[in-house]
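Colleague: Take this structure first; my questions come after.
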Amino acid sequence: MGLPNVQFVSPYKQRCSRQQLEMQNEHLNDALGAIRVLGLEQIEGELKPHLNTVLTTIIQKNRGAPEQVVVSGILPILALSLRGRGSLTLLTAKLVAELAREPLVLKGFTDSGLVPALLSVLTSSDHELLLHATRAITRMSYDNRNLQDHLLRRGAVPRLVAILLRFPAKENLEEICLQALCNLSGMGVTEEAGIIWERGLSVRRGECVFRGVSPQTCGFFSSVTLVHVSQWAPGQYSVSIESIQRCSSSFWHIHRNQQATRWFPVLGWGSCYNAVKFSSKNVPRKSSLKSRVFHTLL
């Protein structure tokens, strides 16, 4: 019987690690305090290194960093930076996209004005800025009913559809927009899901079809997501999203061998997450997101 593999960490290394964490937290506190002061005075030149410090700390997932960000009260200042469209807007969007990973920080997104600020950025023509802003919306709407509702009422869908139509050649931006639409519909698609998106064949004029295929699980099942964007009136588009589960041929072969009687397998099953139209002015409060509709006014 082998001995368990136990890693021994010397007291010296533990002390150094603790001191390093304390130093990083101190630098983070200094940066947050500077953002709170300099941000209110709109001193952009002096603000950049402090934003970079917070961004690096959040990316490294330092313990206690999200709590410090919440306590600092910098979220409204980040919203002002996004709205200002200045030289730090791109860096701010990167930071907000990383903060959107943190459930504790997300609780303050609604009251801080970050939601309308992010949506205002979606009208930009800057590809990189759109990428980070859309990624933030994708993350904040993942499995979060309150933020989904807030984004829907604020008109997130029309802006995301507009990006799909404006940038057909930008595959990475197209993928993150489609993922954001799926998360707003309540599907809950993670960035790690590995969905491969491609444009499908359109059968109607004014229609765009996007097909996303997820990797098979255990070699038997795969998931296909269909997103239809259709023009139903001049300047107005509808969005429908459907998820279909497919079984591989090996799965049916195994079950045929186990069945003594003749049977006809079902080739797949699915669920429709959104019907055809959505109006942000009249969102049903009691119905689930799966039965809601997208009515995009562009």
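Ligands are numbered from 1 in the order shown, chains are lettered A, B, ... in the order of the structure tokens, and residues start at 1 in each chain.
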Write out as a PyMOL selection string each polymer residue whose atoms come within 9 Å of Asp143 of chain A, counting only C-alpha atoms; drop sequence neighbours fewer than 5 positions from it.
Modeller: chain A and resi 148+183-184+186-189
Colleague: From a backbone DSSP assignment, name each residue in segment 114-228 of chain A labelled helix (DSSP H, G or I), as a ChimeraX atom specification.
Modeller: /A:114-121,127-140,145-153,156-166,171-184,191-193
Colleague: For each of A:Ala31, A:Ala133, A:Leu226, A:Ile58, take the minimum atom-to-atom distance to Pro116 of chain A, counting only C-alpha atoms, then give the residue where this is smallest.
Modeller: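 So, comparing all the options, the nearest one is A:Ala133.
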Colleague: Determine, counting only C-alpha atoms, which protein, DNA and RNA residues have an atom within 12 Å of an atom of Glu102 of chain A; residues of the same chain fewer than 6 positions away are not included. Present the result as a count of residues only.
Modeller: 19
Colleague: Near Ser124 of chain A, counting only C-alpha atoms, which residues have an atom at most 12 Å away, once you skip same-chain residues fewer than 3 positions from it, shown as a VMD selection string?
Modeller: chain A and resid 82 to 83 85 89 to 90 118 to 121 127 to 134 159 to 160 162 to 163 166 to 167
Colleague: Find the distance between atom CA of Gln179 of chain A and atom CA of Arg101 of chain A and write it in Å to one decimal.
Modeller: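 Between atom CA of Gln179 of chain A and atom CA of Arg101 of chain A the gap is 15.1 Å.
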Colleague: Could you check the closest approach to Leu201 of chain A for each of A:Gln245, A:Val227, A:Pro215, A:Cys177 and tell me which residue wins, using only C-alpha atoms?
Modeller: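 For Leu201 of chain A, the nearest of the candidates is A:Val227.
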Colleague: Using only C-alpha atoms, determine which residues lie at most 10 Å from His228 of chain A, disregarding the query and same-chain residues fewer than 6 positions distant; provide the list as a list in words.
Modeller: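 Listed by chain and then number, they are Gly200, Ser202, Glu207, Cys208, Val209, Phe210, Arg211, Tyr237, Ser238, Val239, Ser240, Ile241, Glu242 and Val276 of chain A.
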Colleague: For atom CA of Leu122 of chain A and atom CA of Val203 of chain A, quote the distance in Å rounded to one decimal.
Modeller: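 Separation between atom CA of Leu122 of chain A and atom CA of Val203 of chain A: 29.0 Å.
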Colleague: Of the residues A:Gly212, A:Ala233, A:Ala193, A:Gly206, which is the one nearest to Leu178 of chain A, using only C-alpha atoms?
Modeller: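 Using only C-alpha atoms, the shortest distance to Leu178 of chain A belongs to A:Gly212.
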Colleague: Could you please determine the separation between atom CA of Val54 of chain A and atom CA of Ser72 of chain A in Å, to one decimal place?
Modeller: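 Atom CA of Ser72 of chain A lies at a distance of 11.5 Å from atom CA of Val54 of chain A.
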Colleague: For segment 38-52 of chain A, list every protein, DNA or RNA residue within 8 Å, evaluated using only C-alpha atoms, and leave out those in the same chain fewer than 3 positions away; present the list as a list in words.
Modeller: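 Here the qualifying residues turn out to be Ala31, Leu32, Ala34, Ile35, Leu55, Thr56, Ile77, Ser81, Ser87, Leu88, Leu91, Thr92 and Leu95 of chain A.
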